[in-house]
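Everything on this sheet refers to the single structure shown next.
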Amino acid sequence: MADSFFTYEAKGQVLVIHLPKELDHHNCRNLLNETDLLLSENYIVRLVFDFSKTAFMDSSGIGILLNRYKQMSRSGGTMTFYGASKQIIRILNIGGVAKLIRGYGSKEAAVKG
């Protein structure tokens, strides 16, 4: 898995998470641990997920998104995403995530929300 790493970009109280090509059970534990640390050390009010490189996501990815949605909701924060392909949007719809998290066509729009 050459492209299995996450990168993060903090802009004030916004954290942009750039997702890898595959978001599956193999790398979701890393995402959970890394975002736990980032959220505990920073006052983040918006999480933005970048799906522009993501071609595959399984139920572990949906679980992570739902977990982070609940966490952000409890703290009064919000979540958005951008760059999702038709296949990823289909997965988000099937998993019920698209009803909870608003998707945008660009990074700028997702950050502004």
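Identifiers in this document derive from the order of the structure tokens: chains are assigned A, B, ..., residues are numbered from 1 separately in each chain, and ligands are numbered from 1 in order of occurrence.
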Give me, as a tab-separated table, each residue of segment 46-73 of chain A that comes within 8 Å of segment 93-99 of chain A, together with its shortest interatomic pair and the distance in Å at one decimal, counting only C-alpha atoms, with rows ordered by chain and rising residue number.
residue	atom	partner	partner_atom	distance
A:Ser59	CA	A:Gly95	CA	7.9
A:Ile62	CA	A:Gly95	CA	6.5
A:Leu65	CA	A:Val97	CA	7.4
A:Leu66	CA	A:Val97	CA	6.9
Restricting it to C-alpha atoms, dump the selection as a PDB file, in the first residue's frame.
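Result file is out31.pdb:
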ATOM      1  CA  SER A  59     -17.462  -0.113   6.408  1.00  0.00           C
ATOM      2  CA  ILE A  62     -17.956   4.734   7.325  1.00  0.00           C
ATOM      3  CA  LEU A  65     -16.752   9.139   9.728  1.00  0.00           C
ATOM      4  CA  LEU A  66     -19.747   8.418  11.953  1.00  0.00           C
TER       5      LEU A  66
END
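Within 9 Å of Ala84 of chain A, once only C-alpha atoms are used and residues closer than 4 positions along the same chain are dropped, the contacting residues are Asp50, Phe51, Ser52, Lys53, Thr54, Ala55, Ile88, Ile89, Gly103, Tyr104 and Gly105 of chain A.
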Between A:Thr35, A:Gln87, A:Asn67, A:Ser75, which residue has the minimum interatomic distance to His18 of chain A, considering only C-alpha atoms?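 Residue with the minimum atom-to-atom distance to His18 of chain A: A:Thr35.
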Nearby residues (only C-alpha atoms) at most 8 Å from Tyr69 of chain A, same-chain spacing under 5 positions excluded, as a list in words: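 The residues satisfying every condition are Thr78, Met79, Leu100 and Ile101 of chain A.
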Output N, CA and C atoms for every residue in that selection, as a short mmCIF file (atom, residue, chain, number, x, y, z; two decimals), in the first residue's frame.
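Saved as again11.cif:
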data_model
loop_
_atom_site.label_atom_id
_atom_site.label_comp_id
_atom_site.auth_asym_id
_atom_site.auth_seq_id
_atom_site.Cartn_x
_atom_site.Cartn_y
_atom_site.Cartn_z
N THR A 78 -18.60 20.94 13.45
CA THR A 78 -19.22 20.43 12.23
C THR A 78 -18.20 19.65 11.40
N MET A 79 -18.74 18.89 10.44
CA MET A 79 -17.91 18.13 9.51
C MET A 79 -18.42 18.34 8.10
N LEU A 100 -25.79 13.16 7.00
CA LEU A 100 -25.27 13.82 8.19
C LEU A 100 -24.18 14.84 7.88
N ILE A 101 -23.38 14.54 6.87
CA ILE A 101 -22.21 15.34 6.57
C ILE A 101 -22.37 15.94 5.17
#
From the set A:Asn42, A:Ser85, A:Thr80, A:Ser73, which residue has the shortest atom-to-atom contact distance to Lys21 of chain A, counting only C-alpha atoms? A:Ser85
Using DSSP on the backbone coordinates, identify the residues of segment 29-77 of chain A assigned to strand (DSSP E); present them as a list of chain:residue names.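 Matching residues, listed in order: A:Arg46, A:Leu47, A:Val48, A:Phe49, A:Asp50, A:Phe56, A:Met57.
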Enumerate, in order of chain and increasing residue number, the residues of segment 33-57 of chain A with an atom no farther than 8 Å from segment 4-15 of chain A, each with its shortest atom pair and distance in Å to one decimal, counting only C-alpha atoms, as CSV.
residue,atom,partner,partner_atom,distance
A:Asn42,CA,A:Gln13,CA,7.7
A:Tyr43,CA,A:Gln13,CA,6.0
A:Ile44,CA,A:Gln13,CA,4.4
A:Val45,CA,A:Gln13,CA,5.5
A:Arg46,CA,A:Val14,CA,4.8
A:Leu47,CA,A:Leu15,CA,5.1
A:Val48,CA,A:Leu15,CA,6.1
When DSSP is applied to the backbone of this structure, which of chain A are assigned alpha helix (DSSP H)? Write them out as a ChimeraX atom specification. /A:25-41,59-74,86-94,107-112
